[in-house]
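Chemist: My questions will all concern the structure given below.
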Amino acid sequence: MKISSTKRYETLRERMGNGDMDRRSFMALLGYAGMAAGVAGGAMTGLSRHAMAAGTDIYFEGWGGVVSEALRKHAFDPYTAKSGNKVIDSAFGGESEVLTKIKAAGSIDGHNMLHSSGVSWYQRWVDNGYGSELNEANIPNMVNVMDAIIKPFRAITPNSLSAVPYDYGTTGIAYNTKYVSKEEAEALGANLLLKKELKGKIGGWGGDWANRAWYGALQSDQDPNNIKDWDAVWEKAREHRGLIVKYWESGAELMDLLAKEEIYVTEAWSGRVAALQAQGHPIGYLDPKNGLAWMESMFVLKGSPMADAEELLNFMLAPETALAVAEGQKYPSSLDPNKIAMSDTIKGLPAFDPTGKLEGLVFRDPTTWNPVEKAQKKQWNRLKKGA
Amino acid sequence: MSALRSKAMRPWWLLSPALVTITLLVVVPMSLILIYSFYINIDLGVDRPAFSFENWSELFTDSYYHVAIWKTFRLSVIVTVLAALLGYIPAYFIANTTYKHKWLLLLLLILPFWVSFIIRTLSWIHIMGNQGAINGMLLWLGVIDEPLQMMFNEFAVIVGFIHVFLPYMILNVYVSLEGVDRNLVPAARTLGCSPWQAFREVTLPLSLPGLAAGSLLVFVLTAGSYVTPLILGGPNDFLYGNLIYDAILSELNWPMGATLSFTLLVLLGLVVVLYSRIMGMNQLYKAFG
């Protein structure tokens, strides 16, 4: 017959009360019981920790909104169900925010994988010593990724990659078709952002100096990858500033401003515009000549659990996962359309390149943009505030 | 002699937990920030330890920073004055109401704190935006033909600040008013004061510590903010905090960010010193009950 601890304690107390046991023996027995509970509890705690450690926690940071929703629904949740590893995802305000946190903490605790933007940031992470070394043998689905999208990353770290390219898109011009016709948008191109009649109804991305400079270059008839006259670029940025109502800081804010008609025209990320169009908003999208294209990667920070990170990356690159994410976040996948059949939805996404060579898109050249970043970014932050 | 010394040391022993905490959590971090302000930023996110006055020199000579300081103090004064005017009325009402469930009114004041600060700030877009509640109502009533531009300007930033910081003002004034002897106003009335005179001569002066403490709190909180102008402001609406944000998070220039942060600390510290010179710090304790 089993006796509960409470019953055992009550019996002992009764014996002591009846004088069958002295107080010292009673206290000693209580002490032994306590020690037994402590030892057993300690062991159980250790075992429970071991049980919890059976799955690895992978910390992921991305762009939030529809992008994070697509990744969570089509990649992270199914991966967790399959592997037992938990992907803890959150949204960042930008990669500089993550870099600041990691530098301040002196450790990558709580940070493993980033939805990193562009080759420039890949270079920055590597230069700051946070580049991991991925074992591509553990990511067999990488064979389906476009060579053209891997090439710029491999040029920076020829021996091993720290990230896998995952998607790409463009930063074109979004316009409300109730107020701006397609013909007018195409005729004006990048100068649509400087149309004086739309003063107070124009927006702009405040978070990225290079984006503003790219458009300033287009508006001042310069090659964005070979800017000679920075004064002319910033003069156009000043002109734009005089016409705008608001610099937006996130994709969610961009979508909100366009959907609520706070702004009619702004530069915008192709996927976010596609999401707005899918919701039925009258928003058109234009990629002007030499418009800005970019690619995003899944960057793994040095010191992360590599085997688990590689397993997650392989899962994310599996065609059924990658294509579902692409449809959800509205950005074309990095998978080669010559190797993997794309759905009609993906083929219809802005910026989709059916050739798999990305030759029709103009990307930021890090060799010309990175060296001027320190000075020009400061210039932009001041100009943005009217200095 | 030893007993005397032990007695003299007793306050220090009693104060030591607080002193250690303040040293570890305030003095040490701020000292590190001050040291960092002398470092040199070589490239984005890359700093070199040095003893350079470059950042301080830039701060003192560049009008860009001076304009930001002026804008910050100006806006903080506006927000503080408006919060004082708008906050006194509900505080007075709560303190003097005979409603038996007064705690419910106080709970209503604290209730907004349960919702994220960002969400509360963003909610103004749905109230004052082109398709927001106010414009929707005015358009529906036929008062206006086109939506009024109420968002993304200084007005929206001030509204956002007052919305977030008003409870601090109300609570401070309320605590002060609660401490006022209930017999004083009737006594003043029996001596011939009109209701307004009784308020002006008795209630208001006695509630000043709470009003001042609330004002100090609202001023300091406003001056240190950067998110509200980012969400509700236009391109011209920025505060000194936004410059710190730019330096640290955008330009990855920690030494300059440290210089700007330390300067803000000193400036706000000066405001507190000024307050204590005028009001006396003991008034602050009175206000907090």
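Every chain in the structure tokens has a letter given in the order shown (A, B, ...), and although residue numbers restart at 1 in each chain, ligands are simply numbered from 1 in the order shown.
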To test your reading of the structure, identify every residue in region 256-304 of chain A that backbone DSSP assigns to strand (DSSP E), and report it as a PyMOL selection string.

Modeler: chain A and resi 265-269+283-286+292-300

Chemist: Pull out every residue of chain B sitting within 6 Å of chain A, counting only C-alpha atoms, and send them as a VMD selection string.

Modeler: chain B and resid 234 to 236 249

Chemist: Taking N, CA and C atoms for each residue, export the selection above as a PDB file, in the first residue's frame.

Modeler:
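What landed in part-v5.pdb:
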```pdb
ATOM      1  N   GLY B 234       6.279  64.505 -39.271  1.00  0.00           N
ATOM      2  CA  GLY B 234       6.710  64.632 -40.656  1.00  0.00           C
ATOM      3  C   GLY B 234       8.217  64.790 -40.690  1.00  0.00           C
ATOM      4  N   PRO B 235       8.763  65.144 -41.874  1.00  0.00           N
ATOM      5  CA  PRO B 235      10.218  65.248 -41.977  1.00  0.00           C
ATOM      6  C   PRO B 235      10.839  66.314 -41.077  1.00  0.00           C
ATOM      7  N   ASN B 236      10.064  67.330 -40.685  1.00  0.00           N
ATOM      8  CA  ASN B 236      10.638  68.391 -39.841  1.00  0.00           C
ATOM      9  C   ASN B 236      10.521  68.115 -38.346  1.00  0.00           C
ATOM     10  N   LEU B 249      22.213  53.674 -34.165  1.00  0.00           N
ATOM     11  CA  LEU B 249      21.608  52.567 -34.909  1.00  0.00           C
ATOM     12  C   LEU B 249      21.724  52.692 -36.425  1.00  0.00           C
TER      13      LEU B 249
END
```

Chemist: Excluding region 55-60 of chain B and residues on its chain fewer than 4 positions from it, collect all residues at most 12 Å away from it, counting only C-alpha atoms, and give them as a count of residues only.

Modeler: 32

Chemist: Would you list the contacts of Lys178 (chain A) as a list in words, taking every protein, DNA or RNA residue within 9 Å and counting only C-alpha atoms, but skipping same-chain residues closer than 5 positions in sequence?

Modeler: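 Near Lys178 (chain A), the qualifying residues are Tyr264, Pro282 and Ile283 of chain A.
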
Chemist: Grab the residues selected above and save them as an mmCIF file, in the first residue's frame with C-alpha atoms.

Modeler:
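See part11.cif below for the written result:
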```
data_model
loop_
_atom_site.group_PDB
_atom_site.id
_atom_site.type_symbol
_atom_site.label_atom_id
_atom_site.label_comp_id
_atom_site.auth_asym_id
_atom_site.auth_seq_id
_atom_site.Cartn_x
_atom_site.Cartn_y
_atom_site.Cartn_z
ATOM 1 C CA TYR A 264 -0.392 58.443 -53.361
ATOM 2 C CA PRO A 282 -5.746 50.330 -56.332
ATOM 3 C CA ILE A 283 -1.955 50.465 -56.220
#
```

Chemist: Using only C-alpha atoms, find the one residue out of B:Val164, B:Leu184, B:Leu211, B:Val157 that sits nearest to Ala91 (chain B).

Modeler: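 Among the listed residues, the smallest separation from Ala91 (chain B) belongs to B:Leu211.
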